[in-house]
Amino acid sequence: MEEVLESKDFSFPKQEENILELWSEIKAFETQLKRTENLPEYVFYDGPPFATGLPHYGHILAGTIKDIVTRYQSMTGHHVTRRFGWDCHGLPVEHEIDKKLGIQTREDVLKMGIDKYNEECRSIVTRYVEEWEKIITRTGRWIDFRNDYKTMDLKFMESVWWVFAQLFERGLVYRGFKVMPYSTGCKTPLSNFEANSNYKDVPDPELIVSFPIVDDPDKAAFLAWTTTPWTLPSNLALCVNANFVYLKVRNKYSGKVYVVAESRLSELPTEKPKQVVTNGSSDDLKHSNPKSKGSSGGKTKGEVEFEVVEKILGASLVGRKYEPLFNYFMEFSDAAFRVLSDNYVTDDSGTGIVHCAPAFGEDDYRVCVENQIIDKGEDLIVAVDDDGCFTGRITDFSGRYVKDADKDIIEAIKRKGRLIKSGRFTHSYPFCWRSDTPLIYRAVPSWFVKVENLKEQLLENNKQTYWVPDFVKEKRFHNWLENARDWAISRSRFWGTPLPLWISEDGEEKIVMDSIEKLEKLSGVKVTDLHRHKIDHITIPSSRGPEFGVLRRVDDVFDCWFESGSMPYAYIHYPFENVELFENNFPGHFVAEGLDQTRGWFYTLMVLSTALFGKPAFRNLICNGLVLAEDGKKMSKRLKNYPSPTEVIDEYGADALRLYIINSPVVRAEPLRFKKEGVHGVVKGVFLPWYNAYRFLVQNARRLEVEGVGPFIPIDGVTLQKSSNVLDQWINSATQSLVHFVRQEMDAYRLYTVVPYLVKFLDYLTNTYVRFNRKRLKGRTGEGDCRTALSTLYYVLLTSCKVMAPFTPFFTEVLYQNLRKVSNGSEESIHYCSFPQEEGQRGERIEQSVARMTTIIDLARNIRERHNKPVKTPLREMVVVHPDQEFLDDIAGKLKEYVLEELNIRSLVPCNDPLKYASLRAEPDFSVLGKRLGKSMGVVAKEVKAMSQEDILAFEKAGEVTISNHCLKLTDIKVFRDFKRPENMTAEEIDASGDGDVVVILDLRPDESLFEAGIAREVVNRIQKLRKKAALEPTDMVEVYFESLDEDILAMQQVLDSQEVYIRDALGSPLLPSSMIQPHTVILCEESFHGVSKFDFVIRLARPTLVFNTNAVLALYSGNTKFAQGLQAYLFSRDHYNLKSEFQLEIQD
């Protein structure tokens, strides 16, 4: 294996760029696809983004999830085709062109020409494709950009035609009016899921308007409340709730009589005493000060100012006629301008009476159709045009943009004496997600899919899918399906897939095209492009004869959501190609997108697959949340409240970014507040420890070669499984547990559980296995044992790299490329490797014992810190208290040496009597039991706190206890172990620490017999720090010279002599006296230390120096001084490491 850099010199971003070059050089992605082409298919659907903007963290998040899952599936024996897709049609593209060309109205496009407009749209569709490919590739995602699909491709559009034709033939398509969210900025209706994506809190006018009742003896008027004055000119009805009680009330001062819901009487404004005037006049009306927020303008004194004339049930008001507010629709007088009833009327705002303008409210339209105010069909009069301006029918406001006309409409109502109250009302209102203009609700003619007919089957198909997290499926998506409404799939626009429907002039003949071949056959025209400007001119002769003229295509194009919902079929040109591929693998195995797609892509996929095949479109789904700026606000380019993805990747690397977002709430469909420091935290907490373990392996494997004992070749795995070393057994088992866990979680699509487990595993690897095995790994326990330890570490690192390859494709490849150099027959890339299988038995007991051992060490360190007893100070005794005898046998047996050495303690005493050093007490967990027990909580809490020591022990053993008829489990009661100090000892002499499972007790009393060992550790500690100061590698061999500066040098010499074995084992070489320094010795570093346990001394680090026995060399050459000096000069010129190896070989021979 090649040398590796120190962690401070290792650049993760630079190494990733090197790996990108390697992948390009060996065509890694293409090769992986080729190698797996005969394996079972794993079908992944990639939702197409628009290429009119650059990728952001939301795209990177979804892309990372997709990449991890598909890499994992490739490694577990599947062929995974990954083609990038582009959403090319629809509002995002048209809006860009409208801004570029200054297009304001539909007529502007027609004047320009649809052909020129569409070609302008086509020209910008792939504007950022190169940037997308660059950024997505840099994040480590493997996906095919060369063989991508585009929704504007001829084959894709043809499959969309086929989908529509199937729905049409099954009677699932109809044309009608539907009140829809309408963008006046983009001049098009929006789907409900688009309309719900951009709400803002805005102030709007709120009015209460009077509608005098025809032939009422009291000259009463209905009062209706609205926040959309611009809809009042189109009023055709009023609506009440048949079940509400309404009041006819007279104002005591003005004498005016109104009808309102009993529960909304307080909405009526305050009026000062005036002479009685004709009902309905507002000249004498003094309006109260309106509130700027809320649904009404100030608290009124309804009970005082109004007397009740009559109480009326809402049902009794139905059919009553009223005087129209405007005269624009007088031809409807016979059926209109009367009271209707419906349960959509609520009493939580307004007056309990709703004004109905059927062209501008979904419920208004429904209720008016049901009550024959208007007929369902295509002849509805919509008095607002495509640009959001009043038509000529509204003569007083013709050509005015509706929102701009609000003030003048209010003024006109006031002049008519019909304005009872006006004010401002702040509420959440939908805005267009593209143009950022307020939406209006407007009846538009459209083609619809009968989703309501499919509702039961949609709900059943949803049950067949698996979602992570499942609450999105069970709640959000289920509720959306349960309330599904017919889907308006057409748009009166230009750049999109045209509806493949040709209709005769009399509307009697309809032909739907399900293929290009059918269109060519019926029209006799060769078709090479399906966009409007290429086919709108094509006509079909009527099958009834020439006298019936020709059929022409309807103007509309598909909603782009219809295209993306058709993606599972269209991207492979089904059913015209790939029939076997599709039919053998449908539903697809996996999709992943953001939470917003529950009402978008996930929904349209489900609707179309259910309508076409009676199945869901996908089997497994991961739904991610939103990535927000650090302050919790939406990421904004304008506000620059987040670092760019490129900046983060260039600083910390793509792998760190990938792990950061995967190990966050966002993978559980919750929001993530993105913090750059969080990515840095991943580098420090995950990658550096991982790299250091790898670096330690490489350094010590190379040391074997340096020392001349042969190159490092890993021992085979079967032999390693038989290692007698307890930590080898443990880390091998822990590695198999890692494999088991990651397989289990990945098969369940729970990506977010993997990183915490990996972090814990790496902590065990670096801080337990490597740390406790340093002597073995450095060869101080014999070459054979060293090779076993190195081989174990090698296989653990290799396996963990393979396990994590889908998550961190770059870093694992870096490590693998070096690790594979000592393994014959290894794959060229880690991403060609199979995902590890569990091998051998996992040792749950040893894993638990070592986990407890690490806890014991942490608890003991805590005690030392509390009493200012550094680890360098040896202690006499530690007691470990735990009821599990097997664990105590392990900790006092095969794990004992590690505990004692790590904590610098002389003896370890196991104890299985939990009451010898602790008193137990129990307390109920109020956070768990509070809601469950309710009023019984007090009684139960009292009895829990009164549990005796024996009761608590019995409870822990049984796992449950019944108190006051309530069965309480281990999770319901907290058991505390309070340290019980021996009577003859003080807090400074003995102390304890526990975690609820195990208790550690340390004897803190000083012991003169431990004094010399403590000094020896201090000396070794200073030497190790000096090595770091000299920037020495662990493999760098140096000689260490010691010089005492004390007057009495014998005291220190006695310490060094008594601790000689410990010092030699710790340093890997003996501590040499300074008197042995030769004139030619090269000193690398030296430092003086004072007051170290009252001793002063100097440490010098030097290159290994040759020392000659001059008399022996002279004798070798029969006293020839010249020859003797020549030999010494030659040996001085040689590399001392190699020279040492040669002498060792000679001795062995």
# chains A, B, ... in the order shown; residues from 1 in each chain; ligands from 1
$ residues_around --residues "Asn118 of chain A" --least-positions-apart "6" --cutoff "12 Å" --atoms "only C-alpha atoms" --output "ChimeraX atom specification"
/A:88-90,93-94,97-98,109-110,112,124-125,152,493-497,530-534
$ closest_atom_pairs --of "segment 910-929 of chain A" --to "segment 982-997 of chain A" --cutoff "12 Å" --atoms "only C-alpha atoms" --output "Markdown table"
| residue | atom | partner | partner_atom | distance |
| --- | --- | --- | --- | --- |
| A:Pro914 | CA | A:Asp997 | CA | 10.3 |
| A:Lys916 | CA | A:Pro982 | CA | 9.3 |
| A:Tyr917 | CA | A:Pro982 | CA | 7.8 |
| A:Ala918 | CA | A:Ala992 | CA | 9.4 |
| A:Leu920 | CA | A:Gly996 | CA | 10.4 |
| A:Arg921 | CA | A:Gly996 | CA | 11.4 |
| A:Ala922 | CA | A:Gly996 | CA | 11.6 |
$ closest_residue --among "A:Thr808, A:Ser435, A:Ser11, A:Asn700" --to "Ile65 of chain A" --atoms "only C-alpha atoms"
A:Thr808
$ atom_distance --atom1 "atom CA of Lys894 of chain A" --atom2 "atom CA of Gly717 of chain A"
22.6 Å
$ select_by_dssp --residues "segment 500-678 of chain A" --states "helix (DSSP H, G or I)" --output "PyMOL selection string"
chain A and resi 516-523+532-535+546-548+560-565+567-570+579-584+595-598+601-613+645-652+654-662+665-668+676-678
